[in-house]
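Visitor: Data: final_10.txt, compact mmCIF, C-alpha atoms and all ligand atoms.
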# COMPACT_ATOMS: atom_id res chain seq x y z
CA MET A 1 12.88 151.74 -33.55
CA GLY A 2 12.57 153.48 -30.27
CA PHE A 3 15.33 154.11 -27.85
CA ILE A 4 16.51 151.33 -25.61
CA SER A 5 15.79 151.95 -21.99
CA ARG A 6 18.81 151.64 -19.77
CA GLY A 7 16.48 150.40 -17.08
CA PHE A 8 16.67 150.66 -13.33
CA ARG A 9 20.29 150.53 -12.25
CA GLY A 10 19.85 150.11 -8.54
CA ARG A 11 20.42 152.56 -5.76
CA PRO A 12 23.60 154.63 -6.00
CA ARG A 13 25.00 153.02 -2.85
CA ASP A 14 24.88 149.61 -4.55
CA GLU A 15 27.44 150.62 -7.14
CA GLY A 16 30.95 149.33 -6.65
CA VAL A 17 29.87 147.10 -3.79
CA LYS A 18 31.97 143.97 -3.39
CA LEU A 19 30.08 141.02 -1.97
CA PRO A 20 31.39 137.61 -0.88
CA PRO A 21 31.13 134.95 -3.63
CA GLY A 22 27.59 133.78 -4.42
CA GLN A 23 25.86 136.52 -2.41
CA TYR A 24 23.24 139.04 -3.59
CA LEU A 25 22.27 142.35 -2.02
CA VAL A 26 19.03 142.96 -0.12
CA HIS A 27 17.70 146.15 1.47
CA ASP A 28 15.07 144.59 3.74
CA PHE A 29 16.03 142.36 6.68
CA PRO A 30 14.78 138.81 6.01
CA VAL A 31 13.77 136.72 9.02
CA LEU A 32 14.69 133.03 8.96
CA SER A 33 13.41 130.86 11.74
CA ALA A 34 14.15 127.34 12.92
CA GLY A 35 11.50 127.38 15.62
CA PRO A 36 9.15 129.45 17.73
CA THR A 37 10.41 132.88 18.79
CA PRO A 38 11.34 132.80 22.50
CA ARG A 39 9.93 135.64 24.62
CA VAL A 40 12.26 136.41 27.50
CA PRO A 41 11.12 139.00 30.07
CA LEU A 42 14.00 141.35 30.87
CA ASP A 43 13.68 140.82 34.63
CA ARG A 44 14.41 137.12 34.09
CA TRP A 45 16.93 137.54 31.27
CA GLU A 46 20.56 136.78 31.99
CA PHE A 47 23.71 136.21 30.01
CA ALA A 48 26.43 133.83 31.15
CA ILE A 49 29.94 132.81 30.23
CA ASP A 50 30.75 129.31 31.50
CA THR A 51 34.45 128.46 31.61
CA GLU A 52 36.05 125.08 31.02
CA ASP A 53 36.78 124.93 34.78
CA GLY A 54 33.08 125.11 35.64
CA LYS A 55 33.08 128.75 36.70
CA THR A 56 30.13 130.87 35.56
CA HIS A 57 30.14 134.64 35.04
CA ARG A 58 26.61 136.11 34.90
CA TRP A 59 25.10 139.43 33.86
CA SER A 60 21.55 140.55 34.46
CA TRP A 61 19.90 142.86 31.92
CA GLN A 62 20.64 145.86 34.15
CA GLU A 63 24.26 144.81 34.51
CA LEU A 64 24.61 144.46 30.74
CA MET A 65 23.11 147.92 30.22
CA ALA A 66 25.59 149.38 32.72
CA LEU A 67 28.59 148.18 30.68
CA PRO A 68 30.23 150.47 28.12
CA SER A 69 28.51 150.04 24.76
CA GLU A 70 29.75 150.28 21.18
CA THR A 71 27.88 151.07 17.95
CA PRO A 72 29.30 148.87 15.21
CA THR A 73 28.12 149.36 11.61
CA VAL A 74 28.69 146.08 9.80
CA ASP A 75 27.77 144.03 6.75
CA LEU A 76 25.70 140.85 7.22
CA HIS A 77 26.06 137.77 5.05
CA CYS A 78 23.46 134.99 5.36
CA VAL A 79 24.30 131.48 4.16
CA THR A 80 21.00 131.52 2.21
CA LYS A 81 22.85 134.00 -0.04
CA TRP A 82 21.50 137.44 0.90
CA SER A 83 23.80 140.18 2.16
CA LYS A 84 22.73 143.37 3.89
CA LEU A 85 25.28 146.16 4.09
CA GLY A 86 25.90 148.93 6.59
CA THR A 87 23.68 147.67 9.42
CA ALA A 88 23.82 149.74 12.61
CA TRP A 89 23.89 148.00 15.99
CA LYS A 90 24.44 148.87 19.62
CA GLY A 91 25.85 146.43 22.11
CA VAL A 92 28.65 145.36 24.40
CA SER A 93 31.91 144.05 22.98
CA LEU A 94 32.77 140.48 23.95
CA ASP A 95 36.19 141.89 24.92
CA THR A 96 34.43 143.77 27.73
CA LEU A 97 32.52 140.68 28.86
CA PHE A 98 35.63 138.49 28.74
CA ALA A 99 37.77 141.02 30.67
CA ASP A 100 37.54 139.14 33.97
CA VAL A 101 37.12 135.64 32.53
CA GLU A 102 40.09 133.37 33.11
CA SER A 103 40.18 130.70 30.47
CA SER A 104 42.56 129.00 28.10
CA ALA A 105 39.80 127.26 26.14
CA GLU A 106 40.03 127.48 22.35
CA TYR A 107 36.40 126.66 21.53
CA ALA A 108 33.09 128.29 22.29
CA LEU A 109 29.56 126.94 22.11
CA VAL A 110 27.04 129.76 22.04
CA TYR A 111 23.60 128.81 23.37
CA SER A 112 20.29 130.61 23.14
CA TYR A 113 16.90 130.83 24.78
CA GLY A 114 14.80 128.38 22.78
CA GLY A 115 17.59 125.81 22.48
CA TYR A 116 19.62 127.03 19.49
CA THR A 117 23.40 126.54 19.58
CA THR A 118 26.34 127.48 17.36
CA ASN A 119 30.07 126.92 17.74
CA LEU A 120 33.10 129.00 16.85
CA PRO A 121 36.71 129.46 17.97
CA VAL A 122 37.09 131.73 21.02
CA GLU A 123 39.52 133.94 19.05
CA ASP A 124 36.67 134.83 16.67
CA LEU A 125 34.79 136.37 19.61
CA LEU A 126 37.66 138.62 20.73
CA ASP A 127 39.68 141.62 19.50
CA GLY A 128 36.70 143.74 18.44
CA LYS A 129 35.12 141.06 16.26
CA ALA A 130 31.94 140.27 18.23
CA TRP A 131 29.26 141.94 20.37
CA ILE A 132 26.20 141.15 22.45
CA THR A 133 23.79 143.55 20.74
CA TYR A 134 20.47 144.91 21.99
CA GLU A 135 19.66 147.70 19.51
CA PHE A 136 19.30 147.63 15.74
CA ASP A 137 18.88 150.78 13.66
CA GLY A 138 18.36 152.90 16.78
CA GLU A 139 15.54 150.79 18.20
CA GLU A 140 15.43 147.98 20.69
CA LEU A 141 16.12 144.67 18.99
CA ALA A 142 12.84 142.99 18.02
CA PRO A 143 12.27 139.36 19.07
CA ALA A 144 12.07 138.30 15.40
CA HIS A 145 15.66 139.52 14.94
CA GLY A 146 16.91 137.96 18.16
CA GLY A 147 15.88 140.42 20.85
CA PRO A 148 16.25 141.18 23.63
CA ALA A 149 19.89 140.39 22.84
CA ARG A 150 21.73 138.76 20.00
CA LEU A 151 25.33 137.76 19.40
CA LEU A 152 26.80 139.66 16.45
CA VAL A 153 29.81 138.07 14.70
CA PRO A 154 29.62 139.74 11.30
CA HIS A 155 32.78 138.25 9.77
CA LEU A 156 31.10 134.80 9.74
CA TYR A 157 27.83 133.72 8.11
CA LEU A 158 24.86 135.07 10.02
CA TRP A 159 23.80 131.72 11.55
CA LYS A 160 26.82 132.17 13.89
CA SER A 161 25.27 135.43 15.19
CA ALA A 162 22.93 133.56 17.53
CA LYS A 163 19.55 135.19 18.16
CA TRP A 164 18.18 135.24 21.75
CA VAL A 165 21.66 134.63 23.11
CA GLN A 166 21.75 133.21 26.62
CA GLY A 167 25.37 132.27 27.12
CA ILE A 168 28.73 131.09 25.88
CA ARG A 169 30.24 127.84 27.05
CA LEU A 170 34.04 127.67 26.79
CA LEU A 171 35.34 124.24 25.87
CA ASN A 172 38.67 122.47 25.39
CA GLU A 173 37.26 120.61 22.41
CA ASP A 174 35.07 121.75 19.55
CA TRP A 175 31.37 120.98 19.97
CA PRO A 176 29.40 121.54 16.75
CA GLY A 177 26.12 123.45 17.13
CA PHE A 178 22.63 123.28 15.62
CA TRP A 179 23.36 123.89 11.92
CA GLU A 180 26.94 122.64 12.16
CA THR A 181 25.57 119.14 13.00
CA ALA A 182 23.11 119.28 10.08
CA GLY A 183 25.38 119.78 7.10
CA TYR A 184 26.57 123.37 7.45
CA HIS A 185 30.22 124.30 7.61
CA ASN A 186 31.94 124.22 10.98
CA TYR A 187 33.52 127.69 10.57
CA GLY A 188 31.43 129.55 7.96
CA ASP A 189 33.66 132.24 6.42
CA PRO A 190 31.57 133.98 3.72
CA TRP A 191 34.64 135.23 1.83
CA ARG A 192 35.82 131.62 1.42
CA GLU A 193 32.21 130.52 0.74
CA GLN A 194 32.25 127.94 3.53
CA ARG A 195 28.55 127.09 3.39
CA TYR A 196 28.39 123.32 3.74
CA GLN A 197 30.56 120.60 5.22
CA GLY A 198 33.40 119.99 2.80
CA ASP A 199 33.35 123.50 1.26
CA MET B 1 10.40 147.21 13.74
CA THR B 2 7.14 145.31 13.50
CA GLU B 3 6.98 141.65 14.28
CA PRO B 4 4.60 138.88 13.32
CA GLU B 5 1.72 138.16 15.70
CA GLN B 6 2.42 134.47 15.50
CA ASP B 7 5.41 132.38 14.52
CA SER B 8 4.98 131.03 11.05
CA TYR B 9 5.39 127.39 10.28
CA GLN B 10 3.89 124.90 7.86
CA ASP B 11 2.55 121.44 8.62
CA GLY B 12 4.63 118.34 7.89
CA ASN B 13 3.20 117.96 4.39
CA ALA B 14 5.80 120.59 3.48
CA LEU B 15 8.37 117.78 3.86
CA ALA B 16 6.72 115.60 1.20
CA GLY B 17 8.60 117.04 -1.78
CA PRO B 18 12.08 117.34 -0.24
CA LEU B 19 11.86 113.86 1.35
CA ARG B 20 10.56 112.23 -1.82
CA GLU B 21 13.96 113.03 -3.28
CA ILE B 22 15.57 110.76 -0.65
CA PHE B 23 13.01 108.08 0.16
CA ALA B 24 11.10 105.83 -2.19
CA VAL B 25 8.05 105.97 0.08
CA ASP B 26 6.00 108.98 1.16
CA VAL B 27 7.46 109.50 4.62
CA THR B 28 4.88 112.11 5.61
CA ALA B 29 2.37 109.25 6.05
CA ALA B 30 4.78 107.40 8.39
CA LEU B 31 4.19 107.46 12.13
CA GLY B 32 6.98 109.01 14.16
CA GLN B 33 7.50 109.17 17.91
CA CYS B 34 9.07 112.20 19.57
CA VAL B 35 12.21 111.40 21.59
CA HIS B 36 11.54 114.30 23.96
CA CYS B 37 7.90 113.77 25.02
CA GLY B 38 6.89 110.44 23.49
CA LEU B 39 4.07 111.83 21.39
CA SER B 40 3.32 109.69 18.33
CA GLY B 41 1.80 110.97 15.13
CA PRO B 42 2.24 111.16 11.38
CA ILE B 43 5.21 113.16 10.08
CA ALA B 44 2.60 115.34 8.35
CA SER B 45 1.48 116.57 11.80
CA LEU B 46 4.88 118.13 12.62
CA ARG B 47 5.44 121.90 12.59
CA VAL B 48 7.93 122.74 9.88
CA TYR B 49 10.08 125.87 10.06
CA GLY B 50 12.21 127.01 7.15
CA PRO B 51 12.98 126.23 4.37
CA GLY B 52 16.18 128.24 4.92
CA PRO B 53 18.83 127.51 6.16
CA GLY B 54 17.17 124.10 6.49
CA MET B 55 13.80 122.54 7.27
CA VAL B 56 13.28 122.06 10.99
CA ALA B 57 10.34 119.85 11.93
CA ARG B 58 9.17 120.23 15.53
CA CYS B 59 6.84 118.14 17.68
CA PRO B 60 3.35 119.71 17.99
CA GLY B 61 3.29 118.53 21.63
CA CYS B 62 6.57 119.86 23.04
CA GLU B 63 8.07 122.02 20.22
CA GLU B 64 11.38 120.13 20.36
CA VAL B 65 13.15 119.20 17.12
CA VAL B 66 12.09 115.85 15.65
CA LEU B 67 13.72 116.01 12.23
CA ARG B 68 16.01 118.35 10.28
CA LEU B 69 16.69 118.39 6.56
CA VAL B 70 19.39 120.51 4.91
CA ARG B 71 19.70 120.52 1.14
CA GLY B 72 23.07 121.52 -0.28
CA PRO B 73 23.94 121.72 -3.97
CA ASP B 74 25.04 118.09 -4.19
CA SER B 75 24.07 116.52 -0.84
CA ALA B 76 21.20 116.40 1.59
CA TRP B 77 21.66 116.01 5.34
CA LEU B 78 18.83 114.33 7.23
CA ASP B 79 19.00 114.36 11.04
CA MET B 80 16.38 112.21 12.74
CA ARG B 81 17.78 112.10 16.27
CA GLY B 82 14.52 113.52 17.59
CA THR B 83 12.51 110.49 16.46
CA VAL B 84 12.44 107.21 18.41
CA ASN B 85 11.57 105.42 15.16
CA LEU B 86 9.48 105.76 12.05
CA ARG B 87 6.66 103.34 11.33
CA ILE B 88 6.27 103.29 7.57
CA PRO B 89 3.11 101.78 6.09
CA LEU B 90 3.96 99.29 3.32
CA PRO B 91 1.83 97.17 1.03
CA GLY B 92 1.16 93.79 2.75
ZN ZN C 201 7.48 116.05 21.71
Show how you would write the structure in this file as structure tokens.

Guide:
Amino acid sequence: MGFISRGFRGRPRDEGVKLPPGQYLVHDFPVLSAGPTPRVPLDRWEFAIDTEDGKTHRWSWQELMALPSETPTVDLHCVTKWSKLGTAWKGVSLDTLFADVESSAEYALVYSYGGYTTNLPVEDLLDGKAWITYEFDGEELAPAHGGPARLLVPHLYLWKSAKWVQGIRLLNEDWPGFWETAGYHNYGDPWREQRYQGD
Amino acid sequence: MTEPEQDSYQDGNALAGPLREIFAVDVTAALGQCVHCGLSGPIASLRVYGPGPGMVARCPGCEEVVLRLVRGPDSAWLDMRGTVNLRIPLPG
């Protein structure tokens, strides 16, 4: 008998990693698409926050770039079960964008170029939990990954981190978004494995 | 990062297997009409994105969503709000 190979044990950084239930680790960055990739020229790009009183706050690309940026390094968890750890982003905190927004709305509907929507509680966008990102891994964010700008809400499943983000509508009642009206969970906490309605 | 030259989608025949699980007839042969632009055509002519997180079938005329299918472990969700109706050929 020969010796028994211990086999490939994975990269050292994979050891001791704790993932949310049902997730597996990937090192590439899979692209999932629900439609054609929108191409938004930066001179026509804008981001808006629409309040429940009908007031709209707008930022052009230049105005977004002029705001103080942050460089969060976060773990991503996709509802299709892959997780990618330690991803490096650059963007503007939603706390910065909400600084002058007067609102008492509890719900947000995020909408994107191309028609995608996703909903989440306003409190999940604030207190350092969410960003409008425009760089990934030191490079401008590619259209396939949501560029020019993407919402990043890493504590929820990745479908909440809307690609090609165009705006956030603040609402007094919850308004389920694209996947939330097609069987996926309304909140989507990966650590509680809230994948589908009823989970 | 590199990006694909063209968005990748399959034609509506990709829905044949997943929909056979729900319907007794082959729905890909049925004629559907798009709510958004009125275009009529067989379900097999739709542009299907996915399969994850769900299959999203879009109109080849206007690219709006005609049909969505999400398959969970013990349920499927079928959203057909983008179709005016389905005309399903049946034996006479
Ligand atoms: Zn159409």

Visitor: May I ask for the distance between atom CA of Glu193 of chain A and atom CA of Pro21 of chain A, given in Å to one decimal place?

Guide: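 Between atom CA of Glu193 of chain A and atom CA of Pro21 of chain A the gap is 6.3 Å.
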
Visitor: Could you name the residues that touch Ser8 of chain B at 10 Å or less, counting all atoms listed in the file, but leaving out those on the same chain fewer than 6 positions away, as a tab-separated table (two decimals) with C-alpha atoms, in the frame of the given file?

Guide:
chain	number	residue	atom	x	y	z
A	33	SER	CA	13.41	130.86	11.74
A	35	GLY	CA	11.50	127.38	15.62
A	36	PRO	CA	9.15	129.45	17.73
A	37	THR	CA	10.41	132.88	18.79
B	47	ARG	CA	5.44	121.90	12.59
B	48	VAL	CA	7.93	122.74	9.88
B	49	TYR	CA	10.08	125.87	10.06
B	50	GLY	CA	12.21	127.01	7.15

Visitor: Given all atoms listed in the file as the basis, pick out the residue of B:Val70, B:Val65, B:Leu86, B:Ala16 nearest to Ala30 of chain B.

Guide: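 Once distances to Ala30 of chain B are computed over all atoms listed in the file, the minimum belongs to B:Leu86.
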
Visitor: Chain B residues within 12 Å of chain A, counting only C-alpha atoms: which ones, as a count of residues only?

Guide: 45

Visitor: Which value, in Å to one decimal, gives the distance between atom CA of Glu106 of chain A and atom CA of Thr133 of chain A?

Guide: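 Between atom CA of Glu106 of chain A and atom CA of Thr133 of chain A the gap is 22.9 Å.
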
Visitor: State, in Å with one decimal place, the distance from atom CA of Leu152 of chain A to atom CA of Val26 of chain A.

Guide: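 Result for atom CA of Leu152 of chain A versus atom CA of Val26 of chain A: 18.6 Å, one decimal.
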
Visitor: Of the candidates A:Gly177, A:Pro190, A:Gly146, A:Gly54, which one gets nearest to Val101 of chain A if we count all atoms listed in the file?

Guide: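 Ranking A:Gly177, A:Pro190, A:Gly146, A:Gly54 by distance to Val101 of chain A, first place goes to A:Gly54.
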
Visitor: Under the rule that all atoms listed in the file are counted, which of B:Ala44, B:Val27, B:Val35, B:Leu15 is the nearest residue to ligand ZN 201 (chain C)?

Guide: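 Going through B:Ala44, B:Val27, B:Val35, B:Leu15 one by one, the smallest distance to ligand ZN 201 (chain C) is for B:Val35.
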
Visitor: Under the rule that all atoms listed in the file are counted, which of B:Ser45, B:Leu39, B:Gly82, B:Pro91 is the nearest residue to ligand ZN 201 (chain C)?

Guide: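 That would be B:Leu39, the residue with the smallest distance to ligand ZN 201 (chain C).
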